file final38.cif (mmCIF, C-alpha atoms)
data_query
#
loop_
_atom_site.label_atom_id
_atom_site.label_comp_id
_atom_site.auth_asym_id
_atom_site.auth_seq_id
_atom_site.Cartn_x
_atom_site.Cartn_y
_atom_site.Cartn_z
CA MET A 1 -0.23 -39.86 -6.54
CA ASP A 2 -3.92 -40.58 -6.22
CA THR A 3 -6.35 -38.93 -8.56
CA PRO A 4 -8.54 -36.38 -6.80
CA GLU A 5 -11.42 -38.84 -6.78
CA GLN A 6 -9.27 -41.56 -5.23
CA LEU A 7 -7.95 -39.16 -2.63
CA ARG A 8 -11.46 -38.01 -1.79
CA ASP A 9 -12.59 -41.63 -1.35
CA ARG A 10 -9.58 -42.40 0.81
CA LEU A 11 -10.31 -39.41 3.02
CA LEU A 12 -13.97 -40.35 3.32
CA ALA A 13 -13.06 -43.95 4.19
CA ARG A 14 -10.58 -42.76 6.83
CA PHE A 15 -12.86 -40.08 8.31
CA PRO A 16 -16.41 -41.39 8.01
CA GLY A 17 -18.10 -38.32 9.47
CA ALA A 18 -16.20 -35.80 7.35
CA THR A 19 -17.46 -33.85 4.37
CA VAL A 20 -15.00 -33.89 1.48
CA ARG A 21 -16.20 -32.53 -1.82
CA LEU A 22 -14.36 -31.90 -5.04
CA VAL A 23 -14.59 -28.34 -6.32
CA PRO A 24 -14.12 -28.50 -10.08
CA ASN A 25 -12.00 -25.93 -11.89
CA GLY A 26 -13.03 -25.08 -15.43
CA SER A 27 -9.83 -23.26 -16.30
CA PRO A 28 -7.11 -24.89 -18.46
CA SER A 29 -5.09 -25.76 -15.35
CA ALA A 30 -8.05 -27.85 -14.13
CA GLN A 31 -6.70 -27.82 -10.60
CA VAL A 32 -9.37 -29.59 -8.62
CA SER A 33 -9.61 -28.59 -4.98
CA PHE A 34 -11.07 -30.26 -1.92
CA TRP A 35 -13.74 -28.55 0.10
CA ILE A 36 -13.46 -30.04 3.57
CA ASP A 37 -15.57 -29.29 6.59
CA ALA A 38 -14.05 -27.23 9.36
CA GLY A 39 -14.69 -29.84 12.05
CA HIS A 40 -12.41 -32.44 10.46
CA ALA A 41 -9.91 -30.04 8.87
CA LEU A 42 -7.20 -30.51 11.45
CA GLU A 43 -7.22 -34.33 11.39
CA ILE A 44 -7.46 -34.42 7.62
CA ALA A 45 -4.52 -32.02 7.39
CA ARG A 46 -2.48 -34.13 9.77
CA MET A 47 -3.23 -37.23 7.71
CA LEU A 48 -2.25 -35.46 4.47
CA ARG A 49 1.07 -34.50 6.00
CA ASP A 50 1.86 -37.81 7.69
CA ASP A 51 0.59 -40.24 5.07
CA PRO A 52 3.73 -41.81 3.54
CA GLU A 53 2.31 -41.84 0.02
CA LEU A 54 1.18 -38.21 0.06
CA ALA A 55 3.79 -36.69 2.42
CA LEU A 56 2.45 -33.18 1.85
CA ASP A 57 5.12 -31.57 3.97
CA GLN A 58 4.92 -28.02 2.64
CA CYS A 59 2.09 -25.51 2.75
CA SER A 60 3.21 -23.01 0.15
CA ASN A 61 0.28 -20.62 0.15
CA VAL A 62 -2.72 -19.63 2.24
CA THR A 63 -5.18 -17.16 0.85
CA GLY A 64 -8.74 -16.03 1.36
CA ILE A 65 -11.76 -15.42 -0.83
CA ASP A 66 -14.80 -13.37 0.05
CA TRP A 67 -17.99 -14.72 -1.47
CA ARG A 68 -20.85 -12.29 -1.02
CA ASP A 69 -24.52 -13.15 -0.86
CA ARG A 70 -25.67 -13.81 -4.37
CA GLU A 71 -29.00 -14.15 -6.07
CA VAL A 72 -29.57 -17.52 -7.70
CA THR A 73 -32.39 -18.29 -10.10
CA ASP A 74 -33.70 -21.82 -9.95
CA ILE A 75 -35.76 -23.10 -12.88
CA ILE A 76 -38.47 -25.48 -11.73
CA LYS A 77 -40.13 -27.56 -14.41
CA GLU A 78 -43.78 -28.30 -13.84
CA THR A 79 -46.71 -29.48 -15.87
CA GLN A 80 -49.98 -27.69 -16.21
CA PRO A 81 -53.13 -29.57 -17.04
CA GLY A 82 -53.99 -28.80 -20.65
CA PRO A 83 -57.41 -28.64 -22.25
CA PRO A 84 -59.57 -31.72 -21.72
CA GLY A 85 -58.33 -34.65 -23.74
CA ALA A 86 -54.97 -33.01 -24.65
CA PRO A 87 -51.69 -33.80 -22.91
CA SER A 88 -50.58 -31.53 -20.08
CA ILE A 89 -48.33 -28.57 -20.90
CA PRO A 90 -44.80 -28.35 -19.45
CA VAL A 91 -44.18 -25.01 -17.75
CA GLU A 92 -40.97 -23.57 -16.42
CA ARG A 93 -41.14 -21.51 -13.29
CA LYS A 94 -38.26 -19.33 -12.16
CA VAL A 95 -37.65 -18.97 -8.45
CA LYS A 96 -35.11 -16.49 -7.13
CA ARG A 97 -33.38 -17.09 -3.86
CA ILE A 98 -30.46 -15.58 -2.02
CA GLU A 99 -27.50 -17.88 -1.52
CA PRO A 100 -25.78 -16.71 1.63
CA GLY A 101 -22.17 -15.64 1.35
CA TYR A 102 -19.20 -17.01 3.21
CA LEU A 103 -15.48 -16.60 3.55
CA GLU A 104 -13.19 -19.20 2.12
CA VAL A 105 -9.60 -20.02 3.01
CA VAL A 106 -7.50 -21.87 0.45
CA TYR A 107 -4.38 -23.88 1.29
CA HIS A 108 -1.92 -25.04 -1.39
CA LEU A 109 -0.01 -28.13 -0.27
CA TYR A 110 3.05 -29.68 -1.88
CA SER A 111 5.30 -32.60 -1.09
CA VAL A 112 8.98 -31.77 -1.25
CA ALA A 113 9.89 -35.31 -0.21
CA ARG A 114 7.85 -37.00 -2.94
CA ARG A 115 7.97 -34.14 -5.43
CA GLN A 116 4.26 -33.95 -5.96
CA GLY A 117 1.44 -31.52 -5.59
CA PRO A 118 -0.39 -29.33 -5.31
CA VAL A 119 -3.28 -30.55 -3.22
CA ILE A 120 -5.62 -27.67 -2.63
CA LEU A 121 -7.83 -27.47 0.44
CA ARG A 122 -10.74 -25.09 0.88
CA LEU A 123 -12.35 -24.29 4.21
CA ARG A 124 -15.54 -22.28 4.32
CA THR A 125 -17.00 -20.25 7.17
CA GLY A 126 -20.67 -20.36 8.09
CA ASN A 127 -21.32 -16.79 6.98
CA ARG A 128 -19.55 -13.47 6.60
CA SER A 129 -20.48 -11.89 9.92
CA ASP A 130 -20.62 -13.91 13.14
CA ALA A 131 -19.64 -17.47 12.22
CA VAL A 132 -16.18 -16.77 10.82
CA THR A 133 -14.10 -19.13 12.95
CA LEU A 134 -12.06 -21.85 11.27
CA PRO A 135 -9.43 -24.18 12.70
CA SER A 136 -5.87 -23.01 12.25
CA LEU A 137 -3.59 -25.35 10.35
CA THR A 138 -0.47 -23.74 11.82
CA PRO A 139 0.02 -26.71 14.20
CA ILE A 140 0.38 -28.91 11.08
CA TRP A 141 2.36 -26.58 8.81
CA ARG A 142 4.40 -23.88 10.51
CA SER A 143 4.43 -21.83 7.29
CA CYS A 144 0.72 -21.11 7.73
CA GLU A 145 1.35 -18.85 10.70
CA PHE A 146 1.98 -15.53 8.98
CA GLN A 147 -0.33 -16.27 6.08
CA GLU A 148 -3.23 -17.09 8.38
CA ARG A 149 -2.52 -13.83 10.18
CA GLU A 150 -2.76 -12.10 6.82
CA VAL A 151 -6.11 -13.75 6.06
CA PHE A 152 -7.29 -12.75 9.54
CA ASP A 153 -6.13 -9.19 8.93
CA LEU A 154 -7.53 -8.67 5.45
CA PHE A 155 -10.61 -10.94 5.45
CA GLY A 156 -11.53 -11.26 9.12
CA VAL A 157 -11.40 -15.04 9.40
CA ILE A 158 -10.68 -16.06 13.00
CA PHE A 159 -8.37 -19.07 13.26
CA SER A 160 -8.89 -21.05 16.43
CA GLY A 161 -5.72 -22.70 17.69
CA HIS A 162 -3.44 -20.13 16.05
CA PRO A 163 -0.49 -19.40 18.35
CA ASP A 164 -0.32 -15.65 17.70
CA LEU A 165 -3.37 -14.31 15.91
CA ARG A 166 -2.70 -10.60 15.42
CA ARG A 167 -2.97 -8.27 12.47
CA ILE A 168 0.14 -8.45 10.34
CA LEU A 169 -0.17 -5.73 7.68
CA MET A 170 -2.57 -3.18 9.12
CA TRP A 171 -2.09 -1.68 12.55
CA ASP A 172 -3.61 -3.17 15.70
CA GLU A 173 -6.15 -0.36 16.17
CA TYR A 174 -7.61 -0.97 12.72
CA VAL A 175 -11.09 -2.52 12.66
CA ASP A 176 -11.86 -3.08 8.95
CA HIS A 177 -10.98 -6.00 6.71
CA PRO A 178 -9.85 -4.37 3.45
CA MET A 179 -10.03 -7.39 1.16
CA ARG A 180 -13.72 -7.92 1.85
CA LYS A 181 -15.71 -7.01 -1.20
CA ASP A 182 -17.95 -4.60 0.70
CA TYR A 183 -15.02 -2.67 2.19
CA VAL A 184 -15.21 1.08 1.60
CA GLU A 185 -11.78 2.70 1.44
CA PRO A 186 -11.09 6.14 2.91
CA ASP A 187 -11.95 8.93 0.51
CA ASP A 188 -8.47 10.45 0.52
CA TYR A 189 -7.37 10.74 -3.06
CA GLU A 190 -8.67 13.24 -5.48
CA TRP A 191 -8.96 14.23 -9.09
CA GLU A 192 -6.78 12.61 -11.67
CA PRO A 193 -6.45 13.76 -15.29
CA THR A 194 -8.73 11.15 -16.85
CA PRO A 195 -11.06 9.82 -14.18
CA HIS A 196 -13.44 7.04 -15.02
CA GLY A 197 -15.60 4.55 -13.22
CA GLU A 198 -15.45 4.75 -9.45
CA VAL A 199 -12.71 7.38 -9.57
CA LEU A 200 -14.97 9.59 -11.70
CA ALA A 201 -17.76 9.27 -9.12
CA LYS A 202 -15.28 10.21 -6.41
CA ALA A 203 -13.95 13.14 -8.43
CA LYS A 204 -17.49 14.46 -8.85
CA ARG A 205 -18.02 14.33 -5.11
CA HIS A 206 -14.88 16.38 -4.62
CA TYR A 207 -15.56 18.87 -7.40
CA PRO A 208 -19.32 19.33 -7.63
CA ALA A 209 -18.88 22.62 -9.50
CA TYR A 210 -17.37 20.76 -12.42
CA ARG A 211 -20.25 18.41 -13.09
CA GLY A 212 -21.04 18.70 -16.74
CA SER A 213 -18.47 21.41 -17.24
CA GLY A 214 -17.07 19.84 -20.38
CA THR A 215 -13.82 18.93 -18.67
CA PRO A 216 -12.50 15.77 -20.31
CA GLY A 217 -13.75 12.81 -18.38
CA MET A 218 -15.95 14.97 -16.17
CA THR A 219 -19.23 14.54 -18.02
CA ASN A 220 -22.56 13.59 -16.55
CA ASP A 221 -22.84 10.47 -18.66
CA GLU A 222 -22.24 8.07 -15.81
CA MET B 1 20.54 42.77 3.74
CA ASN B 2 19.05 41.30 0.66
CA GLU B 3 16.91 44.22 -0.46
CA THR B 4 19.78 46.59 -1.14
CA LYS B 5 21.39 46.36 -4.53
CA PRO B 6 24.83 44.73 -4.34
CA ALA B 7 27.66 47.14 -4.88
CA LEU B 8 29.38 44.75 -7.22
CA THR B 9 27.79 42.58 -9.85
CA THR B 10 28.62 38.92 -9.99
CA GLN B 11 30.69 39.45 -13.14
CA GLU B 12 32.73 42.16 -11.47
CA ARG B 13 33.31 40.00 -8.45
CA ASP B 14 34.37 37.04 -10.59
CA GLU B 15 36.77 39.34 -12.39
CA LEU B 16 38.22 40.46 -9.07
CA ARG B 17 38.58 36.82 -8.02
CA ARG B 18 40.61 36.10 -11.12
CA GLN B 19 42.88 38.98 -10.08
CA GLY B 20 43.35 37.47 -6.65
CA VAL B 21 40.92 39.66 -4.68
CA LEU B 22 38.39 37.55 -2.78
CA LEU B 23 35.21 39.35 -1.86
CA THR B 24 32.35 37.57 -0.21
CA SER B 25 29.56 38.03 2.28
CA LEU B 26 28.84 36.24 5.50
CA GLU B 27 25.66 34.92 3.95
CA GLU B 28 27.45 33.48 0.95
CA LEU B 29 30.17 31.90 3.03
CA TYR B 30 27.71 30.45 5.52
CA ASN B 31 25.43 29.02 2.83
CA TRP B 32 28.39 27.70 0.85
CA GLY B 33 29.47 25.71 3.84
CA ARG B 34 25.98 24.48 4.61
CA SER B 35 25.19 23.49 1.06
CA HIS B 36 28.26 21.31 0.69
CA SER B 37 27.81 19.24 3.82
CA VAL B 38 24.23 18.07 3.63
CA TRP B 39 24.13 14.88 5.64
CA PRO B 40 21.21 12.64 4.76
CA LEU B 41 19.43 10.37 7.19
CA ASN B 42 20.28 6.72 6.67
CA PHE B 43 16.69 5.78 6.04
CA GLY B 44 15.07 3.89 3.17
CA LEU B 45 11.50 2.84 2.55
CA ALA B 46 11.19 0.90 -0.70
CA CYS B 47 12.81 0.36 -4.07
CA CYS B 48 13.79 4.04 -4.27
CA ALA B 49 16.09 3.33 -1.33
CA ILE B 50 18.01 0.88 -3.52
CA GLU B 51 18.67 3.71 -5.97
CA MET B 52 19.64 5.93 -3.06
CA ILE B 53 22.13 3.29 -1.91
CA ALA B 54 23.46 3.02 -5.47
CA ALA B 55 23.91 6.81 -5.53
CA SER B 56 26.00 6.60 -2.38
CA MET B 57 28.29 3.89 -3.78
CA ALA B 58 31.42 4.21 -5.88
CA LYS B 59 29.80 4.34 -9.32
CA TYR B 60 27.59 7.38 -8.69
CA ASP B 61 29.49 8.60 -5.64
CA ILE B 62 27.32 11.10 -3.82
CA ALA B 63 30.51 12.03 -1.89
CA ARG B 64 31.38 14.31 -4.80
CA PHE B 65 28.62 16.59 -3.53
CA GLY B 66 29.46 16.37 0.14
CA SER B 67 26.55 14.15 1.13
CA GLU B 68 28.21 10.82 1.65
CA VAL B 69 27.81 10.91 5.41
CA PHE B 70 24.55 9.01 5.84
CA ARG B 71 23.74 9.42 9.52
CA PRO B 72 22.01 6.59 11.34
CA SER B 73 20.56 9.03 13.88
CA PRO B 74 18.07 11.78 13.00
CA ARG B 75 19.79 13.99 15.58
CA GLN B 76 22.81 14.28 13.29
CA ALA B 77 21.06 14.49 9.93
CA ASP B 78 20.22 17.52 7.79
CA LEU B 79 18.28 15.86 5.01
CA LEU B 80 15.41 13.40 5.02
CA ILE B 81 15.22 11.55 1.71
CA VAL B 82 11.77 9.96 1.69
CA SER B 83 12.82 7.17 -0.63
CA GLY B 84 9.78 5.06 -1.33
CA THR B 85 6.21 4.21 -0.46
CA VAL B 86 5.00 5.65 2.82
CA THR B 87 2.32 3.31 4.12
CA LYS B 88 -0.13 4.70 6.61
CA LYS B 89 1.32 2.38 9.22
CA MET B 90 4.78 3.85 8.58
CA ALA B 91 3.72 7.51 8.27
CA PRO B 92 3.80 8.36 12.01
CA HIS B 93 7.32 7.00 12.26
CA VAL B 94 8.56 8.98 9.24
CA ILE B 95 7.07 12.15 10.68
CA ARG B 96 8.52 11.39 14.11
CA LEU B 97 11.98 11.02 12.53
CA TRP B 98 11.51 14.36 10.80
CA ASN B 99 10.54 15.97 14.09
CA GLN B 100 13.64 14.54 15.74
CA MET B 101 15.95 16.11 13.16
CA PRO B 102 17.40 19.44 14.29
CA GLU B 103 17.09 22.55 12.18
CA PRO B 104 18.28 23.40 9.57
CA LYS B 105 16.71 20.42 7.88
CA TYR B 106 15.48 19.66 4.41
CA CYS B 107 13.24 17.03 2.86
CA ILE B 108 13.45 15.38 -0.54
CA ALA B 109 10.44 13.41 -1.77
CA MET B 110 12.03 10.77 -3.98
CA GLY B 111 9.89 8.93 -6.47
CA ALA B 112 6.23 8.74 -7.39
CA CYS B 113 5.11 7.13 -4.11
CA ALA B 114 6.64 9.73 -1.84
CA ILE B 115 5.27 12.52 -4.06
CA SER B 116 1.68 11.35 -4.49
CA GLY B 117 1.24 7.70 -3.55
CA GLY B 118 2.26 6.74 -7.08
CA PRO B 119 0.80 3.46 -8.29
CA PHE B 120 -0.84 3.01 -4.89
CA LYS B 121 -2.73 6.31 -5.00
CA GLN B 122 -6.10 4.58 -5.13
CA GLY B 123 -5.24 2.07 -2.41
CA TYR B 124 -6.39 2.11 1.18
CA ASN B 125 -3.08 1.78 3.01
CA VAL B 126 -0.66 4.24 1.42
CA LEU B 127 -0.17 7.87 2.32
CA LYS B 128 -0.86 9.90 -0.83
CA GLY B 129 2.29 11.99 -0.71
CA ILE B 130 4.55 12.80 2.22
CA ASP B 131 3.91 16.51 1.62
CA ARG B 132 0.60 16.04 3.43
CA PHE B 133 2.61 16.04 6.65
CA ILE B 134 6.17 17.26 5.98
CA PRO B 135 7.25 20.41 4.10
CA VAL B 136 9.03 19.03 1.03
CA ASP B 137 11.86 21.04 -0.55
CA ILE B 138 12.65 18.98 -3.64
CA TYR B 139 10.46 16.55 -5.56
CA ILE B 140 12.27 13.95 -7.69
CA PRO B 141 9.92 12.21 -10.14
CA GLY B 142 10.55 8.69 -11.30
CA CYS B 143 9.55 5.16 -10.41
CA PRO B 144 12.17 4.80 -9.08
CA PRO B 145 14.35 7.79 -10.10
CA ARG B 146 17.79 6.86 -11.30
CA PRO B 147 20.77 7.73 -9.08
CA GLU B 148 21.59 10.60 -11.45
CA ALA B 149 18.15 12.03 -10.76
CA LEU B 150 18.81 11.88 -7.02
CA LEU B 151 22.14 13.63 -7.56
CA HIS B 152 20.38 16.27 -9.65
CA GLY B 153 17.84 16.72 -6.87
CA LEU B 154 20.64 17.11 -4.36
CA VAL B 155 22.32 19.76 -6.53
CA GLN B 156 18.98 21.56 -6.80
CA LEU B 157 18.71 21.46 -3.02
CA GLN B 158 22.22 22.87 -2.69
CA GLU B 159 21.25 25.74 -4.99
CA LYS B 160 18.19 26.32 -2.87
CA ILE B 161 20.30 26.42 0.29
CA ARG B 162 22.82 28.81 -1.32
CA GLY B 163 19.99 31.11 -2.31
CA GLN B 164 18.49 31.31 1.17
CA ALA B 165 18.72 34.75 2.74
CA LEU B 166 19.73 34.78 6.38
CA THR B 167 17.29 37.52 7.33
CA GLY B 168 13.80 38.52 6.39
CA SER B 169 10.79 36.38 5.70
CA GLU B 170 12.77 34.02 3.47
CA ALA B 171 15.21 33.10 6.23
CA PRO B 172 15.64 29.42 7.01
CA ARG B 173 13.37 28.11 9.72
CA HIS B 174 16.22 27.65 12.19
CA LEU B 175 17.06 31.35 12.10
CA GLY B 176 13.48 32.41 12.71
CA SER B 177 11.47 32.24 15.87
CA ASP B 178 12.02 29.60 18.49
CA ASP B 179 8.53 28.25 17.93
CA ALA B 180 8.52 24.52 17.57
CA CYS B 181 8.06 23.60 13.96
CA ASP B 182 7.17 20.01 14.73
CA CYS B 183 4.85 18.40 12.28
CA PRO B 184 1.77 16.78 13.82
CA VAL B 185 2.21 13.04 14.17
CA PRO B 186 -0.99 11.27 13.07
CA GLU B 187 -2.65 8.62 15.17
CA LEU B 188 -3.41 5.18 13.78
CA GLY B 189 -7.20 5.20 13.94
CA ALA B 190 -9.92 2.63 13.47
CA HIS B 191 -10.32 3.24 9.73
CA ASP B 192 -7.56 5.65 8.70
CA ILE B 193 -4.78 7.78 10.13
CA GLN B 194 -6.06 10.79 12.08
CA PRO B 195 -5.66 13.49 10.94
CA THR B 196 -5.31 12.49 7.28
CA HIS B 197 -3.10 15.52 6.55
CA ALA B 198 -1.67 18.61 8.20
CA PRO B 199 -3.99 21.47 7.15
CA ALA B 200 -1.21 24.03 7.61
CA LEU B 201 0.90 22.28 4.99
CA TRP B 202 -1.50 20.76 2.53
CA THR B 203 -4.97 21.30 1.18
CA ALA B 204 -6.64 19.28 -1.53
CA PRO B 205 -5.94 20.79 -4.95
CA THR B 206 -8.86 22.37 -6.68
CA LEU B 207 -9.65 21.65 -10.26
CA ALA B 208 -9.57 25.08 -11.82
CA ARG B 209 -9.61 25.67 -15.55
CA PRO B 210 -9.12 29.30 -16.52
CA ASP B 211 -10.70 28.75 -19.93
CA LYS B 212 -13.89 27.52 -18.26
CA GLY B 213 -14.16 30.55 -15.98
#
call {"tool": "encode", "arguments": {"input": "final38.cif", "output": "structure tokens"}}
result
Amino acid sequence: MDTPEQLRDRLLARFPGATVRLVPNGSPSAQVSFWIDAGHALEIARMLRDDPELALDQCSNVTGIDWRDREVTDIIKETQPGPPGAPSIPVERKVKRIEPGYLEVVYHLYSVARRQGPVILRLRTGNRSDAVTLPSLTPIWRSCEFQEREVFDLFGVIFSGHPDLRRILMWDEYVDHPMRKDYVEPDDYEWEPTPHGEVLAKAKRHYPAYRGSGTPGMTNDE
Amino acid sequence: MNETKPALTTQERDELRRQGVLLTSLEELYNWGRSHSVWPLNFGLACCAIEMIAASMAKYDIARFGSEVFRPSPRQADLLIVSGTVTKKMAPHVIRLWNQMPEPKYCIAMGACAISGGPFKQGYNVLKGIDRFIPVDIYIPGCPPRPEALLHGLVQLQEKIRGQALTGSEAPRHLGSDDACDCPVPELGAHDIQPTHAPALWTAPTLARPDKG
């Protein structure tokens, strides 16, 4: 099979307008994935399946990732004019900016026919609120159907072209997307013997009289 | 009936039985019959159901205790074994099954999930104990409980049935008033089930430590 770089170049040569970028993976598995733009996702997927050398005929897994807005610090190197006659002084300036968040859908593709894989595709939405539509790959791989429904249910990604886009785990009347990182779960469980972290904060809300009472785990330290 | 002191002690009655004189009461006879034909509902929810199935098979043989008749219809069942995780999506259906069972009926919460939500207690989609909606008679701890534990729970339930007085405030529900004792079926709401529990049956436990006043 092609190396990731070769495959990227082949895809770019075949689809000149497409964006195909390698997303490196620093872990020992070093599974490089391909970030492809939503506009060309369907044709790229069809090519990956139908290409005789790749023959990626099985989509084994579809999952989602919620990337929140994050603060990024850029270091800008500048030079300041020094005293007369001396060389100028290099100065580093730190600029903080907010990198907008997005939702990501990851597809793991294998070839049963050629016994190779995985090829990992990533699709990213425009943001986390109103531009969350991505093309469905169910027309290419039938096994995506339920898993895309799951991503729709838990992350709120809308798959255009999906034959039956309904919630699959939660009920139809439900409005939240529980796997989003800013999801707040119902406050319906209570004290446990050794609360800590978020459970401790919740326990204190339920039992205000026991703040600082010396009960194990119920101190005011946090 | 129950408040008066029995004329014969249990030892005296057993002695009479050995001599061939059988003395009993209507209550004892009635409860003896009821306790040995508890028909469970053929209903499983998660891995606890596998243990329940094992308990009904030849090796553990729940038939020894008169409960081998797993009924596929709630109309013919006496016992609801809540065997596994009750998700919030499933909770209305479990409660509806309970409401469809005729009195006298009993409920066993089998395993950590049915008792309290178990390992999913801090999750968003699991009911934290079926006793928030259904009056539970026997709790069987375990994750999942072994078939022997289920059999033990069943024997405990039989003892409970045999000890039920037929009159007075302790009488079984089916001998009391004709008031419907349906449990409220929650609605599947936008964020959670509504209501989250039946206030008549369950209130949040309070953390009380006597040594702290």
call {"tool": "interface_residues", "arguments": {"input": "final38.cif", "of": "chain A", "to": "chain B", "cutoff": "6 Å", "atoms": "all atoms listed in the file", "output": "ChimeraX atom specification"}}
result
/A:173-175,185
call {"tool": "closest_residue", "arguments": {"input": "final38.cif", "among": "A:Val91, A:Val119, A:Val199, A:Val151", "to": "Ala45 (chain A)", "atoms": "only C-alpha atoms"}}
result
A:Val119
call {"tool": "resolve_selection", "arguments": {"input": "final38.cif", "expression": "the PyMOL selection byres ((chain A and resi 166) around 9)", "output": "PyMOL selection string"}}
result
chain A and resi 149-150+152-153+164-165+167-168+172
call {"tool": "residues_around", "arguments": {"input": "final38.cif", "residues": "region 16-18 of chain A", "least_positions_apart": "2", "cutoff": "12 Å", "atoms": "all atoms listed in the file", "output": "PDB file with C-alpha atoms, in the frame of the given file"}}
result
ATOM      1  CA  ARG A   8     -11.460 -38.010  -1.790  1.00  0.00           C
ATOM      2  CA  ASP A   9     -12.590 -41.630  -1.350  1.00  0.00           C
ATOM      3  CA  ARG A  10      -9.580 -42.400   0.810  1.00  0.00           C
ATOM      4  CA  LEU A  11     -10.310 -39.410   3.020  1.00  0.00           C
ATOM      5  CA  LEU A  12     -13.970 -40.350   3.320  1.00  0.00           C
ATOM      6  CA  ALA A  13     -13.060 -43.950   4.190  1.00  0.00           C
ATOM      7  CA  ARG A  14     -10.580 -42.760   6.830  1.00  0.00           C
ATOM      8  CA  VAL A  20     -15.000 -33.890   1.480  1.00  0.00           C
ATOM      9  CA  ARG A  21     -16.200 -32.530  -1.820  1.00  0.00           C
ATOM     10  CA  PHE A  34     -11.070 -30.260  -1.920  1.00  0.00           C
ATOM     11  CA  TRP A  35     -13.740 -28.550   0.100  1.00  0.00           C
ATOM     12  CA  ILE A  36     -13.460 -30.040   3.570  1.00  0.00           C
ATOM     13  CA  ASP A  37     -15.570 -29.290   6.590  1.00  0.00           C
ATOM     14  CA  ALA A  38     -14.050 -27.230   9.360  1.00  0.00           C
ATOM     15  CA  GLY A  39     -14.690 -29.840  12.050  1.00  0.00           C
ATOM     16  CA  HIS A  40     -12.410 -32.440  10.460  1.00  0.00           C
ATOM     17  CA  ALA A  41      -9.910 -30.040   8.870  1.00  0.00           C
ATOM     18  CA  LEU A  42      -7.200 -30.510  11.450  1.00  0.00           C
ATOM     19  CA  GLU A  43      -7.220 -34.330  11.390  1.00  0.00           C
ATOM     20  CA  ILE A  44      -7.460 -34.420   7.620  1.00  0.00           C
TER      21      ILE A  44
END
call {"tool": "resolve_selection", "arguments": {"input": "final38.cif", "expression": "the PyMOL selection byres ((chain B and resi 98-103) around 6)", "output": "PyMOL selection string"}}
result
chain B and resi 74-75+95-97+104-105+174+182
call {"tool": "residues_around", "arguments": {"input": "final38.cif", "residues": "Glu148 (chain B)", "least_positions_apart": "2", "cutoff": "12 Å", "atoms": "only C-alpha atoms", "output": "ChimeraX atom specification"}}
result
/B:51-52,54-56,59-62,140-142,144-146,150-155
call {"tool": "atom_distance", "arguments": {"input": "final38.cif", "atom1": "CA of Asp14 (chain B)", "atom2": "CA of Leu175 (chain B)"}}
result
29.1 Å
call {"tool": "closest_residue", "arguments": {"input": "final38.cif", "among": "B:Cys143, B:Ile161, B:Val38, B:Leu22", "to": "Leu79 (chain B)", "atoms": "all atoms listed in the file"}}
result
B:Val38
call {"tool": "closest_residue", "arguments": {"input": "final38.cif", "among": "A:Leu121, A:Val32, A:Ala113, A:Val23", "to": "Thr3 (chain A)", "atoms": "only C-alpha atoms"}}
result
A:Val32
call {"tool": "residues_around", "arguments": {"input": "final38.cif", "residues": "Cys144 (chain A)", "least_positions_apart": "5", "cutoff": "12 Å", "atoms": "all atoms listed in the file", "output": "number ranges by chain"}}
result
A: 57-63, 105-109, 135-139, 149-152, 159, 161-165
call {"tool": "resolve_selection", "arguments": {"input": "final38.cif", "expression": "the PyMOL selection byres ((chain A and resi 99) around 12)", "output": "list in words"}}
result
Trp67, Arg68, Asp69, Arg70, Glu71, Val72, Thr73, Asp74, Lys96, Arg97, Ile98, Pro100, Gly101, Tyr102 and Asn127 of chain A
call {"tool": "atom_distance", "arguments": {"input": "final38.cif", "atom1": "CA of Pro184 (chain B)", "atom2": "CA of Ile108 (chain B)"}}
result
18.6 Å
call {"tool": "decode", "arguments": {"input": "final38.cif", "residues": "region 150-162 of chain A", "atoms": "C-alpha atoms", "output": "PDB file, in the first residue's frame"}}
result
ATOM      1  CA  GLU A 150     -24.625   7.677  17.047  1.00  0.00           C
ATOM      2  CA  VAL A 151     -22.322  10.613  16.254  1.00  0.00           C
ATOM      3  CA  PHE A 152     -25.400  12.685  15.406  1.00  0.00           C
ATOM      4  CA  ASP A 153     -27.017  11.660  18.685  1.00  0.00           C
ATOM      5  CA  LEU A 154     -24.079  12.188  21.014  1.00  0.00           C
ATOM      6  CA  PHE A 155     -22.150  15.004  19.285  1.00  0.00           C
ATOM      7  CA  GLY A 156     -24.773  16.781  17.193  1.00  0.00           C
ATOM      8  CA  VAL A 157     -23.093  16.462  13.807  1.00  0.00           C
ATOM      9  CA  ILE A 158     -25.708  16.582  11.037  1.00  0.00           C
ATOM     10  CA  PHE A 159     -24.948  14.200   8.167  1.00  0.00           C
ATOM     11  CA  SER A 160     -26.404  15.346   4.878  1.00  0.00           C
ATOM     12  CA  GLY A 161     -27.378  12.485   2.607  1.00  0.00           C
ATOM     13  CA  HIS A 162     -27.913  10.049   5.484  1.00  0.00           C
TER      14      HIS A 162
END
